[in-house]
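Below is one structure; the comments refer to it alone.
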Amino acid sequence: MILVALWDLGPAAREALGAAGRLGDEIAVALLGDPASAEEAGAYGATQAFVFDGDFAGSGGEAAIAALTELARELGARAVLLPRDDRTAEIAPRLAERLGGTAVTQVVAIELTDGRPVWTRSAYGGKALVEVTAAAEPVVATLTRGAFAPAEATGGTATVSTRSAPAVDGAVELLEREAPSTGASLEDAKVIVSGGAGLGAAEAFRELEELAGLLGGAVGASLAAVDAGWAPADRQVGLTGKVVSPDVYFAIGISGASQHLAGIGGAKAVVAVNTDADAPIFASARLGVVMDCHTFIRSMIEQLRSAT
Amino acid sequence: MYASMTVALLVFAYGVWRRLRIWRLGRRQVVWDHLGARFRRLLAALLQATVLRRRLPGVMHALVFFGFLVLFGGTLVVFLDSDLGIKLNHGAFYLGFESLTVDLFGGLFLLGLAIAVYRRYLLRPWFLERREPSDALLLVPLLLIALTGFALEGMRLAVVHDRWGGWSPIGLAFSHALAPLGRSGLRSAYPWLWAAHVLMWHAFLAAIPYTKAMHWFTSPLNIFFSRPVAPRGVPAPTDFDAEPVRLGISAPADMTWKQLFDLDACTECGRCESVCPATAAGKPLSPKRVILDLRDAIRAGGADAGPLAGGVVLPEALWACTTCRACEEACPVGIEHVSTIIGLRQNLAMDQVVVPPGVAETVTALEAREHPFRGASSGRTDWLEGLEVQELDAVEDADDLEVVYWIGCAAAFDERAQQIARALVRVLQHAGVRFAVVASKERCNGDVARRTGNEFHYDMLGNANVEMLNGAGVTRILTHCPHCLQQLRHEYRRFGGDYEVVHHTELVASLIEQGRVRLAPDAGERVTFHDPCYLGRYNRQFDAPRLVLDALKVQRVEMARSRGESFCCGAGGGHAFYEDADDGEKINAIRAREAAATGASTVVTACPFCLTMLASGARAVSSGEQSLRTRDVVELVAEALAD
Amino acid sequence: MHAVVLLKEILDWELPASKFRVDDEAKRPPLDLGPSLLGPFEQNALELALQLKDAGVVTRVTALLAAPGEPVDGLRKALALRCDEAVQVVAEGADAADPSQTAELLVAALRRLESPELVLAGRQAGDWDHGQVGYLVAERLGLPAVGLVFRAERDGDRLRVWRVAPGGVEQLGVRPPAVLTVTSDASLQLRMGSVMDRMAANKKPITRWTVEDLGLSPERLAAARRLEIVRTWAPEIERQCEVIDGDDPAEIVATVLSRLEELKLLSRSP
């Protein structure tokens with residue numbers, strides 16, 4: 001049995017289900033977020049779906065870990081797959097530890113060798129790929145966005161069971177949740193305009209927001225821009241920030257450190273705008289423009305405005 | 001009269017003693033080397049060459065200076081003649097000097113003072129320090145002393161009807177003006193006026209050490225004391241083995257005596273401020289304020305004044321300095337602002353750790369990777385790809401090399417600067433120069449660390465580089481970077497590094513002259529040359545790049561500020577790697593606009609950092625059609641090679 | 001409160017991808033590929049610990065590092081920044097690429113250190129990028145953990161922490177003892193120490209504990225291993241960028257927009 005833990009049945013979830021399919025085993029889905037989509041899980045290959053009464057957000061990761069531990073034990077899961085995001089980053093290792101298994105993070109490929117899964121994960125800020133096997137089962141793996149083909153919808157159905165979320169001791173308690181710093185979520189955005197050190201100042205990010213608004217997209221930032229305090233931490237795209245997969249990713253004034261490139265591998269097309277024609281970002285770009293960032297942003301805003 | 005003179009001299013001596021006590025707080029600094037050069041500078045200054053670089057204030061100063069000297073001489077003659085009985089005052093000397101010359105110079109003195117009043121109270125240049133009533137208290141007594149002097153002369157002429165009165169034309173004019181008072185009136189007023197004249201002078205004399213009139217003595221001395229030859233702009237050495245170790249300037253005792261003396265040499269003229277790029281860009285730095293604030297704080301607080309770094313002089317001001325030395329170049333009295341500013345920075349960086357974010361990151365990066373280019377996407381030898389260049393390690397006979405090419409971090413890690421290195425290699429190969437590159441063995445020269453006050457890190461880098469170069473037996477070095485030049489040529493001496501170092505513009509100029517570089521230039525392009533501070537003001541090399549440009553048959557035009565007066569690109573003092581408080585226009589944009597104003601299509605420079613700054617400055621000021629290209633000199637040479 | 005910061009030195013993470021190589025035999029980059037430096041998130045964790053000490057929330061900071069040999073950068077830096085103590089677990093016989101073995105060593109050392117109430121770790125070490133050690137330590141010590149924290153304050157008898165979460169920032173209350181993993185933020189740039197502190201740090205001792213000192217048998221350490229590396233390689237980066245050139249910025253931007261529309265990646269018409 002392969003357990004896939006999901007928040008909803010969005011694109012990341014379908015990729016995780018696609019990856020689960022590669023393990024050649026029965027698939028169960030644990031829906032920790034939106035219970036309404038449980039029925040749908042069957043269409044993507046799951047035979048069982050579990051939904052939960054109760055709240056997972058109020059205790060940090062504690063309740064989710066407890067619920068998944070219980071469920072994975074019960075199902076005797078060989079592997080637990082989770083889409084890699086800011087929440088599963090803290091769930092996976094602890095879940096693996098409680099199950100006496102192995103966590104494998106940042107997985108980008110899965111192969112079966114003699115029936116045994118070999119996990120390929122990225123390391124060294126995306127500069128290296130590593131194939132690993134786990135010494136202890138179950139494996140709890142977090143899957144990188146954009147690395148796996150999403151599961152296709154079929155006519156299958158899953159049996160849905162409802163469980164109650166386990167009580168946890170309350171050592172961690174949610175006090176407040178701050179809305180994301182700008183409207184659209186990076187993970188789901190079709191267009192992302194991202195700024196880096198080349199923008200030179202925080203003000204430039206306000207222009208980026210206007211541009212993102214005109215394109216119906218979201219604003220991202222490189223680590224350098226976040227470290228400079230121009231953009232909030234939750235806007236950071238890259239290996240240690242959000243891993244995104246938009247249709248178009250505008251990298252404006254971003255030189256293209258491997259750290260950053262590791263977060264945009266899922267983009268269908270990268271448009272690189274940089275004054276430095278030799279910036280490594282161009283190597284990963286579909287379209288390249290050697291131009292002053294501000295000129296580009298301003299001209300883009302003007303043209304989009306006049307079009308509407 | 002002698003009683004008041006004695007009192008005046010005592011008060012004067014006390015004032016000097018108080019100043020002296022401050023100067024004696026300072027650390028050792030040698031000012032007795034290069035005596036010939038020092039005396040030449042002093043002579044030039046006394047002949048008013050330095051002040052005359054600015055016309056109106058220069059003329060004003062020269063009039064007052066020479067006027068005063070002659071008047072003083074006239075007084076001295078009277079003293080020798082009547083009090084010491086050395087009879088000089090008769091015949092032709094009396095008429096020619098004591099009457100005519102003194103009278104005319106007295107007039108010039110008055111004219112000078114009038115210009116001073118006009119400039120200070122009507123023209124009011126923005127950079128001129130204004131402190132009332134002390135400014136007026138300096139000018140008005142001098143005016144009154146001169147006027148009473150003329151009045152006394154006039155009274156004497158009116159009373160005695162001297163037939164040689166025509167030899168004192170201004171005195172004669174006064175005598176005509178005073179004549180209506182009648183002989184007896186003049187007779188009775190004379191001693192009173194004379195007493196007033198003498199007492200005013202004595203009071204003034206006594207006040208000198210307490211006012212900026214002190215510069216009469218301190219300024220010429222300071223010019224003598226200031227460094228007449230390169231290296232300039234270098235901070236006082238730090239001894240990290242000392243116990244306790246002195247980390248930059250926090251108290252007056254942390255300064256050298258010359259740095260303390262600088263403070264008392266200042267005439268508050270504001271020329272430094274008027275040329276400072278940080279001031280021009282609206283940053284919170286004025287070199288004049290640094291000097292005056294230190295002076296006032298130390299006069300008030302003595303040895304306990306402080307903390308000087310961060311207290312008396314604010315961190316934002318200190319971090320705004322680009323160490324371009326325009327202030328020192330403009331200063332007519334030899335004040336060396338930069339070493340003091342770096343000394344203060346050293347205290348901020350090494351002791352208080354009050355640094356702009358970019359400085360901390362750069363220094364951390366320097367320590368980790370031995371180069372300041374964070375996030376560089378290339379290694380030290382990437383730029384060599386495809387070039388047939390040998391590394392020093394691979395050279396069998398190092399003595400056979402004409403020169404060892406030191407690349408510097410900019411060309412190693414900055415893609416734009418790599419093109420300079422590649423162009424220079426092409427030129428060297430064209431000329432058949434036998435050379436090797438240091439490349440993979442190089443570390444940052446440490447200039448960024450040193451100029452941002454991080455002497456500790458500078459020390460590590462400098463020592464390591466010298467050890468490597470000396471170990472490889474390197475004696476003759478070529479560099480295209482003026483910051484590397486400054487370090488390798490001058491500042492590495494303290495680590496035992498003694499090399500003959502040439503800047504690439506110097507080498508290329510001589511290769512052209514020797515006919516080893518053959519050019520086939522396309523004539524006619526209009527270019528202007530930007531003097532890098534560390535090549536020009538620091539190393540006084542203004543001509544080599546211009547000779548090269550002229551050999552290229554370009555139409556060379558000069559910017560409004562060039563050569564010694566060149567305006568910084570904004571990168572110096574570590575600014576290539578950090579942003580500081582700035583609300584106004586960026587320094588590089590100001591410079592790029594100045595370059596564009598010449599009508600040149602290309603601004604040429606000879607420093608990788610200037611190149612980067614000017615390129616982004618040019619982008620900031622470019623207006624659609626008019627775009628300004630930026631090139632290193634050697635790139636133009638490489639394009640024009642005859643092959 | 002006594003805080004322990006878990007440090008690690010890693011291969012310079014700014015090493016350009018073009019310079020990155022893997023030793024096929026050792027299945028990892030060769031040691032001489034670049035300098036070994038205190039990792040970026042470890043720097044953030046150290047800075048957070050120092051800030052908590054400045055704020056009086058933490059009274060003592062211990063820097064703890066598990067590595068073979070004599071690592072130079074991390075612990076000296078920690079002492080130079082006024083950490084109270086520096087401890088190295090001389091990790092002979094453990095694989096730094098295995099997060100479980102590393103955690104085993106750190107747990108043993110943490111048990112030996114006097115009652116740490118707060119353990120701070122980087123969100124992930126920038127070499128192997130596992131992002132596991134902090135959480136494994138928490139589990140094995142039975143402590144609660146909060147990940148991706150970038151700010152912390154005292155809030156009564158607990159800590160209020162700010163952390164990055166999907167869809168924004170969460171503020172959580174955590175009752176110590178606890179483990180926090182720390183992510184980067186502008187406010188967590190590691191400070192630069194004074195030269196005086198740095199020179200003093202060179203004279204301070206570094207406590208070194210061997211695996212035996214910690215009472216860990218080689219068998220137990222071997223049993224802690226979870227990951228077997230089959231192969232490591234540096235992926236090729238391909239170049240297929242279409243550079244859009246021109247004289248007029250407006251024209252270039254227009255071309256970019258129309259190219260994206262042609263590629264059916266962007267639609268401007270409603």
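Convention: chains lettered A, B, ... in structure tokens order; per-chain residue numbering from 1; ligands numbered from 1 as shown.
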Within 7 Å of chain C: residues of chain A, using only C-alpha atoms, as a PyMOL selection string: chain A and resi 60+86-87+90+93-94+97+102+105+123-125+127-136+171-181+185+226-229+233-234+247-248+258+282-289+296+299-300
May I have the residues of chain C within 7 Å of chain B, counting only C-alpha atoms, written as an MDAnalysis selection string? chainID C and resid 14 16 35 37 192:196
Where does DSSP see alpha helix (DSSP H) in range 7-72 of chain A, if you list the residues as an NGL selection string? :A and (11-21 or 38-41 or 62-72)
For chain A, which residue among B:Gly358, B:Gly154, B:Pro608, B:Pro284 is the nearest when counting only C-alpha atoms?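 When distances to chain A are compared using only C-alpha atoms, the smallest one comes from B:Gly358.
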B:Arg422, B:Pro307, B:Leu344, B:Val234: which is nearest Glu491 in chain B, counting only C-alpha atoms? B:Val234
Give one line per residue of chain A that approaches chain B to at most 8 Å, naming the two atoms of the closest pair and their distance in Å to one decimal, counting only C-alpha atoms; sort by chain then ascending residue number and deliver it as CSV.
residue,atom,partner,partner_atom,distance
A:Ala257,CA,B:Gly375,CA,7.0
A:Asp276,CA,B:Glu415,CA,7.7
A:Asp278,CA,B:Glu415,CA,6.6
A:Ala279,CA,B:Ser377,CA,7.7
A:Pro280,CA,B:Ser377,CA,7.0
A:Asp292,CA,B:Arg619,CA,7.5
Could you please determine the separation between CA of Lys441 in chain B and CA of Met468 in chain B in Å, to one decimal place?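 These atoms are spaced 7.6 Å apart.
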Contact residues around Gly54 in chain A with only C-alpha atoms at 9 Å, ignoring same-chain residues under 4 positions, as a PDB file with N, CA and C atoms, in the first residue's frame:
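So the final result, stored in selection_3.pdb, reads:
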ATOM      1  N   SER A 164     -11.433  10.659  12.782  1.00  0.00           N
ATOM      2  CA  SER A 164     -11.297  11.895  13.547  1.00  0.00           C
ATOM      3  C   SER A 164      -9.811  12.193  13.745  1.00  0.00           C
ATOM      4  N   ALA A 165      -9.510  13.465  13.672  1.00  0.00           N
ATOM      5  CA  ALA A 165      -8.120  13.863  13.849  1.00  0.00           C
ATOM      6  C   ALA A 165      -7.715  13.586  15.296  1.00  0.00           C
ATOM      7  N   PRO A 166      -6.530  13.001  15.499  1.00  0.00           N
ATOM      8  CA  PRO A 166      -6.119  12.683  16.865  1.00  0.00           C
ATOM      9  C   PRO A 166      -5.851  13.941  17.690  1.00  0.00           C
TER      10      PRO A 166
END
Counting only C-alpha atoms, what is within 7 Å of range 259-267 of chain B, bar same-chain residues fewer than 4 positions away, as a list in words?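 Residues near the query, excluding close chain neighbours: Trp23, Gly26, Lys212, His215, Thr218, Ser219, Asn222, Met255, Ile291, Leu292, Arg295, Val333, Ile335 and Thr340 of chain B.
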Which parts of range 464-623 of chain B does DSSP call strand (DSSP E or B) when run on the backbone here, written out as a PyMOL selection string? chain B and resi 476-479+500-503+519+526-529+555-557+602-605+623
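Note that the spacing between CA of Val193 in chain A and CA of Phe250 in chain A amounts to 4.7 Å.
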Using only C-alpha atoms, determine which residues lie at most 8 Å from Leu32 in chain A, disregarding the query and same-chain residues fewer than 5 positions distant; provide the list as an mmCIF file with C-alpha atoms, in the first residue's frame.
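The result, stored in result-v3.cif:
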data_model
loop_
_atom_site.group_PDB
_atom_site.id
_atom_site.type_symbol
_atom_site.label_atom_id
_atom_site.label_comp_id
_atom_site.auth_asym_id
_atom_site.auth_seq_id
_atom_site.Cartn_x
_atom_site.Cartn_y
_atom_site.Cartn_z
ATOM 1 C CA ALA A 5 -0.992 12.590 1.902
ATOM 2 C CA LEU A 6 -2.585 15.635 0.311
ATOM 3 C CA TRP A 7 -4.227 18.920 1.190
ATOM 4 C CA ASP A 8 -6.486 18.984 -1.843
ATOM 5 C CA VAL A 51 -10.875 12.362 5.290
ATOM 6 C CA PHE A 52 -10.588 13.796 8.765
ATOM 7 C CA PHE A 56 -4.757 20.225 11.389
ATOM 8 C CA ALA A 64 -1.062 15.923 10.828
#
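Between CA of Gly302 in chain B and CA of Pro252 in chain B there is a distance of 7.7 Å.
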Please determine, counting only C-alpha atoms, which residue among A:Pro246, A:Gly256, A:Gly100, A:Gly76 has the shortest atom-to-atom distance to Ala269 in chain A.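 With only C-alpha atoms as the atom set, the closest residue is A:Pro246.
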May I have the residues within 12 Å of range 215-220 of chain C as a PyMOL selection string, using only C-alpha atoms and disregarding those fewer than 6 positions away in the same chain? chain C and resi 89-94+100-101+104-109+111-112+209
Keeping only C-alpha atoms, write those residues as a PDB file, in the first residue's frame.
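Result file follows (selection05.pdb):
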ATOM      1  CA  VAL C  89      31.464  15.839  18.162  1.00  0.00           C
ATOM      2  CA  VAL C  90      34.392  14.272  16.379  1.00  0.00           C
ATOM      3  CA  ALA C  91      32.261  12.302  13.983  1.00  0.00           C
ATOM      4  CA  GLU C  92      34.596   9.501  12.957  1.00  0.00           C
ATOM      5  CA  GLY C  93      32.737   6.569  11.486  1.00  0.00           C
ATOM      6  CA  ALA C  94      29.621   8.543  10.621  1.00  0.00           C
ATOM      7  CA  SER C 100      19.932   9.973  10.724  1.00  0.00           C
ATOM      8  CA  GLN C 101      23.518   9.225  11.727  1.00  0.00           C
ATOM      9  CA  GLU C 104      22.254  10.284  16.421  1.00  0.00           C
ATOM     10  CA  LEU C 105      25.551  11.984  17.237  1.00  0.00           C
ATOM     11  CA  LEU C 106      23.889  15.301  17.999  1.00  0.00           C
ATOM     12  CA  VAL C 107      21.256  13.710  20.223  1.00  0.00           C
ATOM     13  CA  ALA C 108      23.939  12.000  22.280  1.00  0.00           C
ATOM     14  CA  ALA C 109      25.793  15.291  22.635  1.00  0.00           C
ATOM     15  CA  ARG C 111      21.876  14.673  26.237  1.00  0.00           C
ATOM     16  CA  ARG C 112      25.295  15.308  27.661  1.00  0.00           C
ATOM     17  CA  TRP C 209      33.844  14.756  22.286  1.00  0.00           C
TER      18      TRP C 209
END
Set the distance at 10 Å and use only C-alpha atoms: which residues neighbour Phe205 in chain A once local chain neighbours fewer than 5 positions away are removed? I'd like the list as a VMD selection string. chain A and resid 193 to 196 199 to 200 210 to 211 219 to 221 225 230 to 231
